[in-house]
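Enquirer: Dropping a structure here in structure tokens format, bear with me for questions.
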Amino acid sequence: MVAAASLAVVSGSLLVAAPSQAAGPTAVGRTIEGSHPAWATPASDAGAVPASTQITGTVYLAGQDPAGLTAYATAVSDPDSANYGRFLSPAAFKARFGATSAQVAAVRKWAVGAGLTVVRTTDHAVTVKGTNSALTKAFGTGIHQYRVSGKLRHAPAGNVVVPASVSSAILGVTGLASQGPTVKPDSVKVSSGTSATDPGSKPADGLPTTETCSDYWGQKLATGAPAGYTKGPVPFDQCSFYPAQLRKAYGITATGLTGKGATVAIVDAYGSPTMLADANQYSVNHGDKAFRAGQYREIVDPSQWNSQDLCGGPEGWAPEESLDVDMAHGLAPDAKVVYVGANSCTDDDLLSAISTIVDNHLADVVSNSWGEIMHTSDNADITASEIAAYEQVFKQAAAEGIGIGFSAGDCGDSSPLAAATGVNCQADTSRAQANWPDSDPWVTSVGGTALGVSDKSGRYGFETDMGTLRSNLSADGTSWVPAVPSPFYFGGGGGTSEDFAQPWYQRGTVPNSLAHTLMTGAHSGHAQRVTPDVSMNGDLYTSVLVGMTTDGVYSEGGYGGTSVSSPEFAAVQADAMQARHHAVGFANPSLYARSPLFRDVVDRQAQHSTTPLSSIVDFGVVGGALKVRLVAFGQDTSLNAVRGFDNATGVGSPTATYLNSFR
């Protein structure tokens with residue numbers, strides 16, 4: 001998430017600043033201690049921004065009865081409640097809990113009166129823009145420049161003050177400080193081809209010179225390779241999966257469910273101009289039906305795209321978009337799919353995309369394959385203001401019967417040790433921690449597994465936790481570099497949150513040993529939220545095929561990450577809605593109530609031996625040299641897949657029994 005150094009002014013949320021941190025309303029206003037970023041120190045202060053500089057900020061609206069919203073969202077999501085499933089329409093929600101016209105008018109009047117320009121007004125926020133003098137008048141503090149790591153950044157020179165006349169109408173303020181780290185997709189490309197050819201001629205070490213993969217686990221064995229984790233032949237890695245195999249592995253095929261009647265929404269940044277054509281080509285290539293007329297739609301506005309250099313632009317996000325659409329359509333072939341492309345990868349734009357879906361009830365379940373850490377080494381932590389703004393929309397979604405899921409990340413416990421060698425980690429992590437936004441109690445955190453199938457059709461074989469170690473074959477073919485056991489390379493996110501208390505639905509399922517032990521090893525006197533909630537295939541080396549057009553040419557390649565798992569589970573929920581003939585809504589309460597129906601994923605190494613499960617990944621000759629990897633599975637940093645709920649795979653992976661329980 002970006003703008004992590006934004007200012008926090010929070011009111012009307014369960015996640016407000018503690019009384020010791022925030023003063024109550026006075027004649028002057030209300031101040032939230034700590035809204036001045038920690039990195040904006042007196043020593044780095046380079047003075048006020050130029051007088052002509054225009055700075056944009058977002059003022060989030062508190063709405064009505066936040067405590068009542070929490071209670072209502074809980075009741076309609078709890079299978080044990082008499083109000084379970086009694087969801088509100090968007091209009092009913094707005095009338096009961098949304099910002100009133102008086103609140104909106106008051107905030108706009110205050111902003112304009114201070115000399116700010118109102119750029120945009122929605123049901124959730126008022127976006128304002130102005131010079132330093134206008135911002136100073138509005139927020140009680142000016143905007144200064146600060147030299148941080150050799151670069152100039154801007155931020156409020158002191159804590160933001162919201163006038164008493166509008167304090168009750170304001171939930172939070174973001175965007176007045178320079179942008180921080182950007183959100184990245186939780187996926188990585190592993191291969192550009194899907195060849196499963198038989199071994200060709202072999203050099204002295206016995207490895208094939210052409211790309212080789214297995215149709216199912218153990219089909220083909222590599223002999224003559226350097227010693228690795230086990231003695232004797234090692235299985236060649238499986239070929240990248242396609243949707244029909246995943247449907248069979250997770251029992252979807254056996255249920256006959258296709259997601260008919262449900263709608264899955266996907267949120268990423270920007271948008272691909274060839275998405276529909278690519279998805280249709282992908283489906284037909286693998287024996288599935290293309291989208292029928294009206295089954296797929298997208299909401300994108302290229303005229304509003306911004307921060308493309310910062311975010312990687314549409315080209316950088318196109319693989320994630322393609323992955324998400326392919327998996328959602330593939331595991332729920334008859335569900336409608338709506339893609340909503342945020343105008344950038346900034347917090348405000350991503351939240352705006354989610355809000356568009358929720359405000360207009362465009363879908364029944366939403367998949368988000370992006371996220372970040374909450375606590376950084378450069379004082380760019382997620383703020384209370386950001387949390388409050390997102391959580392308000394998450395609760396609105398629950399009240400309206402919309403489930404929201406997030407990928408759990410690809411850096412295991414997100415510790416500095418993992419980030420030092422992990423391929424998809426955030427380098428500025430300050431400590432082992434659960435990620436954001438998936439650790440929020442009002443969303444479903446979707447973790448990853450490594451799936452092994454027992455035949456080419458996708459019959460389920462086994463799963464272990466998503467956590468890989470990787471070594472390369474040496475140039476002379478006689479050893480693995482680095483030597484085994486190699487460092488952490490890629491793994492599903494999870495862990496105990498230090499920021500969120502244990503939600504009601506985790507009680508009785510999550511072991512106390514997890515709920516009371518933070519990722520740093522410190523003991524918590526209060527039970528805390530633990531992620532992930534559920535998991536599905538996502539390992540980089542049990543990858544899925546993804547189709548997309550690049551430079552006018554359509555091709556397919558293998559991708560892995562919890563970015564795969566999130567749209568997979570969203571599709572599973574669409575299938576469950578078809579079985580139930582009714583929206584499921586916020587998934588977690590019913591998910592935990594049905595936890596015995598999930599397949600318990602346990603680390604294969606712990607189950608069967610003292611050595612990790614491993615495979616050889618052969619890409620054939622690339623650039624004149626043999627490109628071969630040795631991969632060990634189930635090595636997810638400090639996270640462990642054990643019997644029962646765990647912090648690597650949650651309650652486990654879905655089954656036909658889980659889906660049939662909704663009938």
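Residues are named by chain letter and number: chains run A, B, ... in the order of the structure tokens, numbers start at 1 in each chain, and ligands are numbered from 1 in the order shown.
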Which polymer residues have any atom within 6 Å of an atom of Ile616 (chain A), counting only C-alpha atoms, with same-chain residues fewer than 5 positions away left out, as an MDAnalysis selection string?
Expert: chainID A and resid 236:237 629:630
Enquirer: Mind writing the picked residues with N, CA, C and O atoms as an mmCIF file, in the first residue's frame?
Expert:
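Result file part_16.cif:
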data_model
loop_
_atom_site.group_PDB
_atom_site.id
_atom_site.type_symbol
_atom_site.label_atom_id
_atom_site.label_comp_id
_atom_site.auth_asym_id
_atom_site.auth_seq_id
_atom_site.Cartn_x
_atom_site.Cartn_y
_atom_site.Cartn_z
ATOM 1 N N PHE A 236 10.923 -34.765 -11.814
ATOM 2 C CA PHE A 236 10.852 -33.513 -12.545
ATOM 3 C C PHE A 236 9.607 -32.755 -12.086
ATOM 4 O O PHE A 236 8.563 -33.365 -11.797
ATOM 5 N N ASP A 237 9.718 -31.453 -12.042
ATOM 6 C CA ASP A 237 8.592 -30.635 -11.605
ATOM 7 C C ASP A 237 7.391 -30.835 -12.526
ATOM 8 O O ASP A 237 7.535 -31.179 -13.704
ATOM 9 N N ARG A 629 16.942 -26.051 -12.057
ATOM 10 C CA ARG A 629 16.814 -25.665 -10.649
ATOM 11 C C ARG A 629 16.506 -26.903 -9.794
ATOM 12 O O ARG A 629 15.827 -27.822 -10.249
ATOM 13 N N LEU A 630 16.975 -26.877 -8.561
ATOM 14 C CA LEU A 630 16.559 -27.846 -7.556
ATOM 15 C C LEU A 630 15.715 -27.102 -6.541
ATOM 16 O O LEU A 630 16.161 -26.108 -5.960
#
Enquirer: Write down as a list in words the residues of region 471-520 of chain A whose backbone DSSP state falls under helix (DSSP H, G or I).
Expert: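 Those in region 471-520 of chain A that DSSP calls helix (DSSP H, G or I) are Trp504, Tyr505, Gln506, Asn512, Ser513, Leu514 and Ala515 of chain A.
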Enquirer: Just want the 9 Å neighbourhood of Gly57 (chain A), counted on only C-alpha atoms, with same-chain residues fewer than 2 positions away dropped. Output as a compact mmCIF listing (two decimals) with all heavy atoms, in the first residue's frame.
Expert:
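Writing done, so here's around.txt:
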# COMPACT_ATOMS: atom_id res chain seq x y z
N ILE A 55 -0.89 20.70 -3.55
CA ILE A 55 -0.86 19.37 -2.93
C ILE A 55 -2.29 18.86 -2.77
O ILE A 55 -3.18 19.61 -2.35
CB ILE A 55 -0.14 19.41 -1.57
CG1 ILE A 55 1.34 19.75 -1.80
CG2 ILE A 55 -0.26 18.08 -0.83
CD1 ILE A 55 2.13 19.94 -0.53
N VAL A 59 -9.98 13.54 2.29
CA VAL A 59 -10.65 13.59 3.58
C VAL A 59 -11.75 12.55 3.56
O VAL A 59 -12.73 12.67 2.82
CB VAL A 59 -11.24 14.99 3.85
CG1 VAL A 59 -11.93 15.01 5.22
CG2 VAL A 59 -10.16 16.06 3.78
N VAL A 126 -13.97 13.31 0.36
CA VAL A 126 -13.86 14.58 -0.35
C VAL A 126 -12.38 14.79 -0.66
O VAL A 126 -11.55 14.85 0.26
CB VAL A 126 -14.41 15.75 0.49
CG1 VAL A 126 -14.19 17.07 -0.24
CG2 VAL A 126 -15.88 15.54 0.82
N THR A 127 -12.05 14.87 -1.93
CA THR A 127 -10.67 15.09 -2.34
C THR A 127 -10.45 16.58 -2.53
O THR A 127 -11.22 17.25 -3.22
CB THR A 127 -10.35 14.34 -3.64
OG1 THR A 127 -10.59 12.94 -3.44
CG2 THR A 127 -8.90 14.53 -4.04
N VAL A 128 -9.39 17.10 -1.91
CA VAL A 128 -9.13 18.53 -1.94
C VAL A 128 -7.72 18.80 -2.47
O VAL A 128 -6.84 17.95 -2.41
CB VAL A 128 -9.29 19.16 -0.54
CG1 VAL A 128 -10.72 19.01 -0.05
CG2 VAL A 128 -8.31 18.53 0.45
N LYS A 129 -7.53 20.03 -2.95
CA LYS A 129 -6.23 20.43 -3.47
C LYS A 129 -6.01 21.90 -3.13
O LYS A 129 -6.95 22.70 -3.17
CB LYS A 129 -6.17 20.22 -4.99
CG LYS A 129 -4.83 20.60 -5.62
CD LYS A 129 -4.79 20.24 -7.10
CE LYS A 129 -5.74 21.09 -7.91
NZ LYS A 129 -5.59 20.84 -9.37
N GLY A 130 -4.76 22.24 -2.82
CA GLY A 130 -4.49 23.64 -2.52
C GLY A 130 -3.04 23.92 -2.25
O GLY A 130 -2.20 23.01 -2.21
N VAL A 173 -7.68 11.44 7.14
CA VAL A 173 -7.09 12.27 6.10
C VAL A 173 -5.84 11.57 5.58
O VAL A 173 -4.99 11.15 6.37
CB VAL A 173 -6.72 13.67 6.64
CG1 VAL A 173 -6.07 14.51 5.55
CG2 VAL A 173 -7.94 14.37 7.22
N THR A 174 -5.72 11.44 4.27
CA THR A 174 -4.54 10.82 3.68
C THR A 174 -4.03 11.67 2.53
O THR A 174 -4.72 12.55 2.03
CB THR A 174 -4.85 9.41 3.15
OG1 THR A 174 -5.75 9.50 2.03
CG2 THR A 174 -5.45 8.52 4.22
N GLY A 175 -2.81 11.40 2.10
CA GLY A 175 -2.28 11.98 0.88
C GLY A 175 -1.51 13.26 1.02
O GLY A 175 -0.99 13.77 0.02
N LEU A 176 -1.37 13.83 2.22
CA LEU A 176 -0.67 15.10 2.38
C LEU A 176 0.84 14.93 2.50
O LEU A 176 1.56 15.91 2.49
CB LEU A 176 -1.20 15.85 3.60
CG LEU A 176 -2.68 16.27 3.53
CD1 LEU A 176 -3.06 17.04 4.78
CD2 LEU A 176 -2.96 17.08 2.28
N ALA A 177 1.28 13.69 2.62
CA ALA A 177 2.71 13.41 2.66
C ALA A 177 3.13 12.72 1.37
O ALA A 177 2.31 12.12 0.67
CB ALA A 177 3.05 12.54 3.86
Enquirer: Which residues are near region 338-343 of chain A? Cut-off 10 Å, only C-alpha atoms, ignore same chain within fewer than 4 positions. Put them as an mmCIF file with N, CA, C and O atoms, in the first residue's frame.
Expert:
data_model
loop_
_atom_site.group_PDB
_atom_site.id
_atom_site.type_symbol
_atom_site.label_atom_id
_atom_site.label_comp_id
_atom_site.auth_asym_id
_atom_site.auth_seq_id
_atom_site.Cartn_x
_atom_site.Cartn_y
_atom_site.Cartn_z
ATOM 1 N N THR A 263 -21.299 -13.359 -9.255
ATOM 2 C CA THR A 263 -20.389 -12.446 -9.948
ATOM 3 C C THR A 263 -19.129 -12.262 -9.121
ATOM 4 O O THR A 263 -19.196 -11.984 -7.925
ATOM 5 N N VAL A 264 -17.983 -12.434 -9.769
ATOM 6 C CA VAL A 264 -16.673 -12.241 -9.145
ATOM 7 C C VAL A 264 -16.075 -10.940 -9.661
ATOM 8 O O VAL A 264 -16.023 -10.708 -10.871
ATOM 9 N N ALA A 265 -15.629 -10.079 -8.754
ATOM 10 C CA ALA A 265 -14.937 -8.854 -9.140
ATOM 11 C C ALA A 265 -13.449 -9.000 -8.866
ATOM 12 O O ALA A 265 -13.043 -9.678 -7.913
ATOM 13 N N ILE A 266 -12.654 -8.367 -9.699
ATOM 14 C CA ILE A 266 -11.201 -8.385 -9.558
ATOM 15 C C ILE A 266 -10.711 -6.945 -9.542
ATOM 16 O O ILE A 266 -11.113 -6.139 -10.385
ATOM 17 N N VAL A 267 -9.845 -6.626 -8.587
ATOM 18 C CA VAL A 267 -9.266 -5.287 -8.488
ATOM 19 C C VAL A 267 -7.760 -5.380 -8.664
ATOM 20 O O VAL A 267 -7.072 -6.093 -7.928
ATOM 21 N N ASP A 268 -7.266 -4.689 -9.660
ATOM 22 C CA ASP A 268 -5.835 -4.479 -9.870
ATOM 23 C C ASP A 268 -5.666 -3.026 -10.304
ATOM 24 O O ASP A 268 -6.635 -2.260 -10.297
ATOM 25 N N ALA A 269 -4.478 -2.661 -10.719
ATOM 26 C CA ALA A 269 -4.244 -1.310 -11.226
ATOM 27 C C ALA A 269 -4.253 -1.309 -12.751
ATOM 28 O O ALA A 269 -3.819 -2.270 -13.384
ATOM 29 N N TYR A 270 -4.768 -0.232 -13.325
ATOM 30 C CA TYR A 270 -4.791 -0.004 -14.773
ATOM 31 C C TYR A 270 -5.638 -1.085 -15.478
ATOM 32 O O TYR A 270 -6.609 -1.565 -14.901
ATOM 33 N N GLY A 271 -5.286 -1.417 -16.722
ATOM 34 C CA GLY A 271 -6.082 -2.394 -17.449
ATOM 35 C C GLY A 271 -5.449 -2.765 -18.775
ATOM 36 O O GLY A 271 -4.793 -1.940 -19.425
ATOM 37 N N SER A 272 -5.640 -4.009 -19.184
ATOM 38 C CA SER A 272 -5.105 -4.507 -20.452
ATOM 39 C C SER A 272 -6.142 -4.344 -21.551
ATOM 40 O O SER A 272 -7.290 -4.766 -21.388
ATOM 41 N N MET A 275 -7.660 -7.889 -22.693
ATOM 42 C CA MET A 275 -8.000 -8.836 -21.645
ATOM 43 C C MET A 275 -9.074 -9.833 -22.068
ATOM 44 O O MET A 275 -8.925 -11.044 -21.879
ATOM 45 N N GLN A 295 -20.958 -11.721 -20.163
ATOM 46 C CA GLN A 295 -20.471 -12.407 -18.965
ATOM 47 C C GLN A 295 -19.268 -11.699 -18.354
ATOM 48 O O GLN A 295 -19.025 -11.806 -17.150
ATOM 49 N N TYR A 296 -18.507 -10.995 -19.182
ATOM 50 C CA TYR A 296 -17.340 -10.262 -18.704
ATOM 51 C C TYR A 296 -17.518 -8.777 -18.992
ATOM 52 O O TYR A 296 -17.975 -8.389 -20.068
ATOM 53 N N ARG A 297 -17.162 -7.957 -18.022
ATOM 54 C CA ARG A 297 -17.149 -6.513 -18.225
ATOM 55 C C ARG A 297 -15.975 -5.924 -17.472
ATOM 56 O O ARG A 297 -15.416 -6.566 -16.565
ATOM 57 N N GLU A 298 -15.578 -4.736 -17.853
ATOM 58 C CA GLU A 298 -14.488 -4.084 -17.150
ATOM 59 C C GLU A 298 -14.787 -2.610 -16.987
ATOM 60 O O GLU A 298 -15.455 -1.995 -17.829
ATOM 61 N N ILE A 299 -14.311 -2.061 -15.877
ATOM 62 C CA ILE A 299 -14.457 -0.642 -15.578
ATOM 63 C C ILE A 299 -13.055 -0.066 -15.458
ATOM 64 O O ILE A 299 -12.359 -0.274 -14.461
ATOM 65 N N VAL A 300 -12.624 0.596 -16.500
ATOM 66 C CA VAL A 300 -11.305 1.229 -16.531
ATOM 67 C C VAL A 300 -11.447 2.598 -17.184
ATOM 68 O O VAL A 300 -12.305 2.798 -18.043
ATOM 69 N N ASP A 301 -10.621 3.530 -16.779
ATOM 70 C CA ASP A 301 -10.662 4.878 -17.335
ATOM 71 C C ASP A 301 -9.233 5.361 -17.565
ATOM 72 O O ASP A 301 -8.638 6.011 -16.697
ATOM 73 N N PRO A 302 -8.655 5.041 -18.728
ATOM 74 C CA PRO A 302 -7.261 5.428 -18.997
ATOM 75 C C PRO A 302 -6.996 6.919 -18.864
ATOM 76 O O PRO A 302 -5.857 7.313 -18.573
ATOM 77 N N SER A 303 -8.021 7.748 -19.045
ATOM 78 C CA SER A 303 -7.802 9.189 -18.936
ATOM 79 C C SER A 303 -7.449 9.611 -17.515
ATOM 80 O O SER A 303 -6.905 10.704 -17.298
ATOM 81 N N GLN A 304 -7.754 8.756 -16.537
ATOM 82 C CA GLN A 304 -7.477 9.076 -15.137
ATOM 83 C C GLN A 304 -6.268 8.336 -14.577
ATOM 84 O O GLN A 304 -5.940 8.487 -13.402
ATOM 85 N N TRP A 305 -5.609 7.539 -15.378
ATOM 86 C CA TRP A 305 -4.446 6.800 -14.887
ATOM 87 C C TRP A 305 -3.337 7.760 -14.478
ATOM 88 O O TRP A 305 -3.082 8.771 -15.149
ATOM 89 N N ASN A 306 -2.679 7.451 -13.388
ATOM 90 C CA ASN A 306 -1.610 8.292 -12.876
ATOM 91 C C ASN A 306 -0.527 7.432 -12.239
ATOM 92 O O ASN A 306 -0.703 6.229 -12.066
ATOM 93 N N SER A 307 0.581 8.058 -11.895
ATOM 94 C CA SER A 307 1.684 7.402 -11.169
ATOM 95 C C SER A 307 2.188 6.150 -11.885
ATOM 96 O O SER A 307 2.608 5.187 -11.243
ATOM 97 N N GLN A 308 2.185 6.175 -13.215
ATOM 98 C CA GLN A 308 2.564 4.973 -13.954
ATOM 99 C C GLN A 308 4.035 4.617 -13.768
ATOM 100 O O GLN A 308 4.378 3.425 -13.685
ATOM 101 N N GLY A 313 3.059 0.948 -14.438
ATOM 102 C CA GLY A 313 2.189 1.150 -15.582
ATOM 103 C C GLY A 313 1.333 -0.055 -15.908
ATOM 104 O O GLY A 313 1.416 -1.104 -15.264
ATOM 105 N N PRO A 314 0.474 0.066 -16.916
ATOM 106 C CA PRO A 314 -0.411 -1.044 -17.278
ATOM 107 C C PRO A 314 0.349 -2.289 -17.713
ATOM 108 O O PRO A 314 -0.103 -3.414 -17.461
ATOM 109 N N TRP A 317 1.258 -4.360 -14.684
ATOM 110 C CA TRP A 317 0.133 -4.996 -14.001
ATOM 111 C C TRP A 317 -0.629 -5.976 -14.884
ATOM 112 O O TRP A 317 -1.469 -6.730 -14.380
ATOM 113 N N GLU A 321 -3.450 -8.996 -13.896
ATOM 114 C CA GLU A 321 -4.828 -8.937 -14.364
ATOM 115 C C GLU A 321 -5.193 -10.207 -15.125
ATOM 116 O O GLU A 321 -6.256 -10.806 -14.896
ATOM 117 N N ASP A 324 -5.536 -13.199 -12.746
ATOM 118 C CA ASP A 324 -6.748 -13.142 -11.935
ATOM 119 C C ASP A 324 -7.993 -13.501 -12.743
ATOM 120 O O ASP A 324 -8.858 -14.259 -12.284
ATOM 121 N N VAL A 325 -8.103 -12.956 -13.945
ATOM 122 C CA VAL A 325 -9.269 -13.249 -14.778
ATOM 123 C C VAL A 325 -9.271 -14.709 -15.208
ATOM 124 O O VAL A 325 -10.308 -15.385 -15.168
ATOM 125 N N ASP A 347 -2.946 3.990 -2.439
ATOM 126 C CA ASP A 347 -4.013 3.618 -1.512
ATOM 127 C C ASP A 347 -5.363 4.179 -1.919
ATOM 128 O O ASP A 347 -6.360 3.467 -1.981
ATOM 129 N N ASP A 348 -5.396 5.478 -2.175
ATOM 130 C CA ASP A 348 -6.672 6.122 -2.468
ATOM 131 C C ASP A 348 -7.306 5.542 -3.726
ATOM 132 O O ASP A 348 -8.518 5.321 -3.776
ATOM 133 N N ASP A 349 -6.511 5.271 -4.756
ATOM 134 C CA ASP A 349 -7.065 4.758 -6.006
ATOM 135 C C ASP A 349 -7.524 3.309 -5.876
ATOM 136 O O ASP A 349 -8.562 2.922 -6.429
ATOM 137 N N LEU A 350 -6.772 2.490 -5.162
ATOM 138 C CA LEU A 350 -7.188 1.101 -4.970
ATOM 139 C C LEU A 350 -8.450 1.017 -4.122
ATOM 140 O O LEU A 350 -9.372 0.255 -4.428
ATOM 141 N N LEU A 351 -8.509 1.820 -3.063
ATOM 142 C CA LEU A 351 -9.709 1.833 -2.235
ATOM 143 C C LEU A 351 -10.902 2.356 -3.027
ATOM 144 O O LEU A 351 -12.032 1.869 -2.880
ATOM 145 N N SER A 352 -10.676 3.334 -3.887
ATOM 146 C CA SER A 352 -11.750 3.848 -4.728
ATOM 147 C C SER A 352 -12.310 2.762 -5.643
ATOM 148 O O SER A 352 -13.527 2.680 -5.866
ATOM 149 N N ALA A 353 -11.433 1.901 -6.157
ATOM 150 C CA ALA A 353 -11.893 0.810 -7.016
ATOM 151 C C ALA A 353 -12.762 -0.171 -6.241
ATOM 152 O O ALA A 353 -13.818 -0.610 -6.718
ATOM 153 N N ILE A 354 -12.328 -0.524 -5.029
ATOM 154 C CA ILE A 354 -13.140 -1.422 -4.197
ATOM 155 C C ILE A 354 -14.467 -0.764 -3.850
ATOM 156 O O ILE A 354 -15.535 -1.399 -3.885
ATOM 157 N N THR A 356 -16.124 1.412 -5.554
ATOM 158 C CA THR A 356 -17.007 1.393 -6.723
ATOM 159 C C THR A 356 -17.796 0.095 -6.795
ATOM 160 O O THR A 356 -19.002 0.086 -7.073
ATOM 161 N N ILE A 357 -17.133 -1.010 -6.503
ATOM 162 C CA ILE A 357 -17.799 -2.311 -6.518
ATOM 163 C C ILE A 357 -18.846 -2.389 -5.416
ATOM 164 O O ILE A 357 -19.991 -2.792 -5.644
ATOM 165 N N LEU A 362 -21.587 -4.436 -7.514
ATOM 166 C CA LEU A 362 -21.253 -4.980 -8.824
ATOM 167 C C LEU A 362 -20.901 -6.455 -8.773
ATOM 168 O O LEU A 362 -20.812 -7.107 -9.817
ATOM 169 N N ALA A 363 -20.665 -6.992 -7.569
ATOM 170 C CA ALA A 363 -20.235 -8.384 -7.460
ATOM 171 C C ALA A 363 -20.637 -8.955 -6.113
ATOM 172 O O ALA A 363 -21.019 -8.229 -5.189
ATOM 173 N N VAL A 366 -15.063 -10.368 -4.088
ATOM 174 C CA VAL A 366 -14.025 -9.530 -4.683
ATOM 175 C C VAL A 366 -12.665 -10.137 -4.379
ATOM 176 O O VAL A 366 -12.361 -10.462 -3.230
ATOM 177 N N SER A 367 -11.822 -10.277 -5.407
ATOM 178 C CA SER A 367 -10.469 -10.783 -5.236
ATOM 179 C C SER A 367 -9.467 -9.657 -5.426
ATOM 180 O O SER A 367 -9.518 -8.915 -6.411
#
Enquirer: For Gly150 (chain A), which of A:Ser187, A:Ser595, A:Ser44, A:Thr383 is the closest residue, counting only C-alpha atoms?
Expert: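 For Gly150 (chain A), the nearest of the given residues is A:Ser44.
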Enquirer: Could you give me, as number ranges by chain, the residues within 9 Å of region 240-242 of chain A, counting only C-alpha atoms and dropping anything in the same chain fewer than 5 positions from it?
Expert: A: 191, 194, 213, 215, 286, 327, 330, 458, 541-546, 557-559
Enquirer: Given the selection you just returned, output its residues as a file containing C-alpha atoms, formatted as a compact mmCIF listing (two decimals), in the first residue's frame.
Expert:
# COMPACT_ATOMS: atom_id res chain seq x y z
CA SER A 191 8.38 -19.89 -17.10
CA THR A 194 4.81 -25.00 -21.08
CA CYS A 213 8.10 -31.37 -16.93
CA ASP A 215 2.00 -34.25 -16.24
CA HIS A 286 -7.56 -25.55 -22.56
CA MET A 327 -8.31 -18.24 -12.59
CA GLY A 330 -11.46 -21.06 -14.95
CA GLY A 458 -5.79 -33.32 -12.04
CA TYR A 541 6.92 -24.34 -8.70
CA THR A 542 3.40 -25.74 -8.84
CA SER A 543 2.51 -22.85 -11.10
CA VAL A 544 -0.55 -22.15 -13.22
CA LEU A 545 -0.64 -21.27 -16.88
CA VAL A 546 -1.59 -17.69 -17.74
CA GLY A 557 3.56 -18.94 -19.25
CA GLY A 558 3.66 -20.26 -15.71
CA TYR A 559 2.97 -17.98 -12.73
Enquirer: List the spatial neighbours of Trp217 (chain A) as a PyMOL selection string - criterion: any atom at most 12 Å away, only C-alpha atoms, same-chain residues fewer than 4 positions off excluded.
Expert: chain A and resi 213+221+234-241+450-463+541-542+613-616
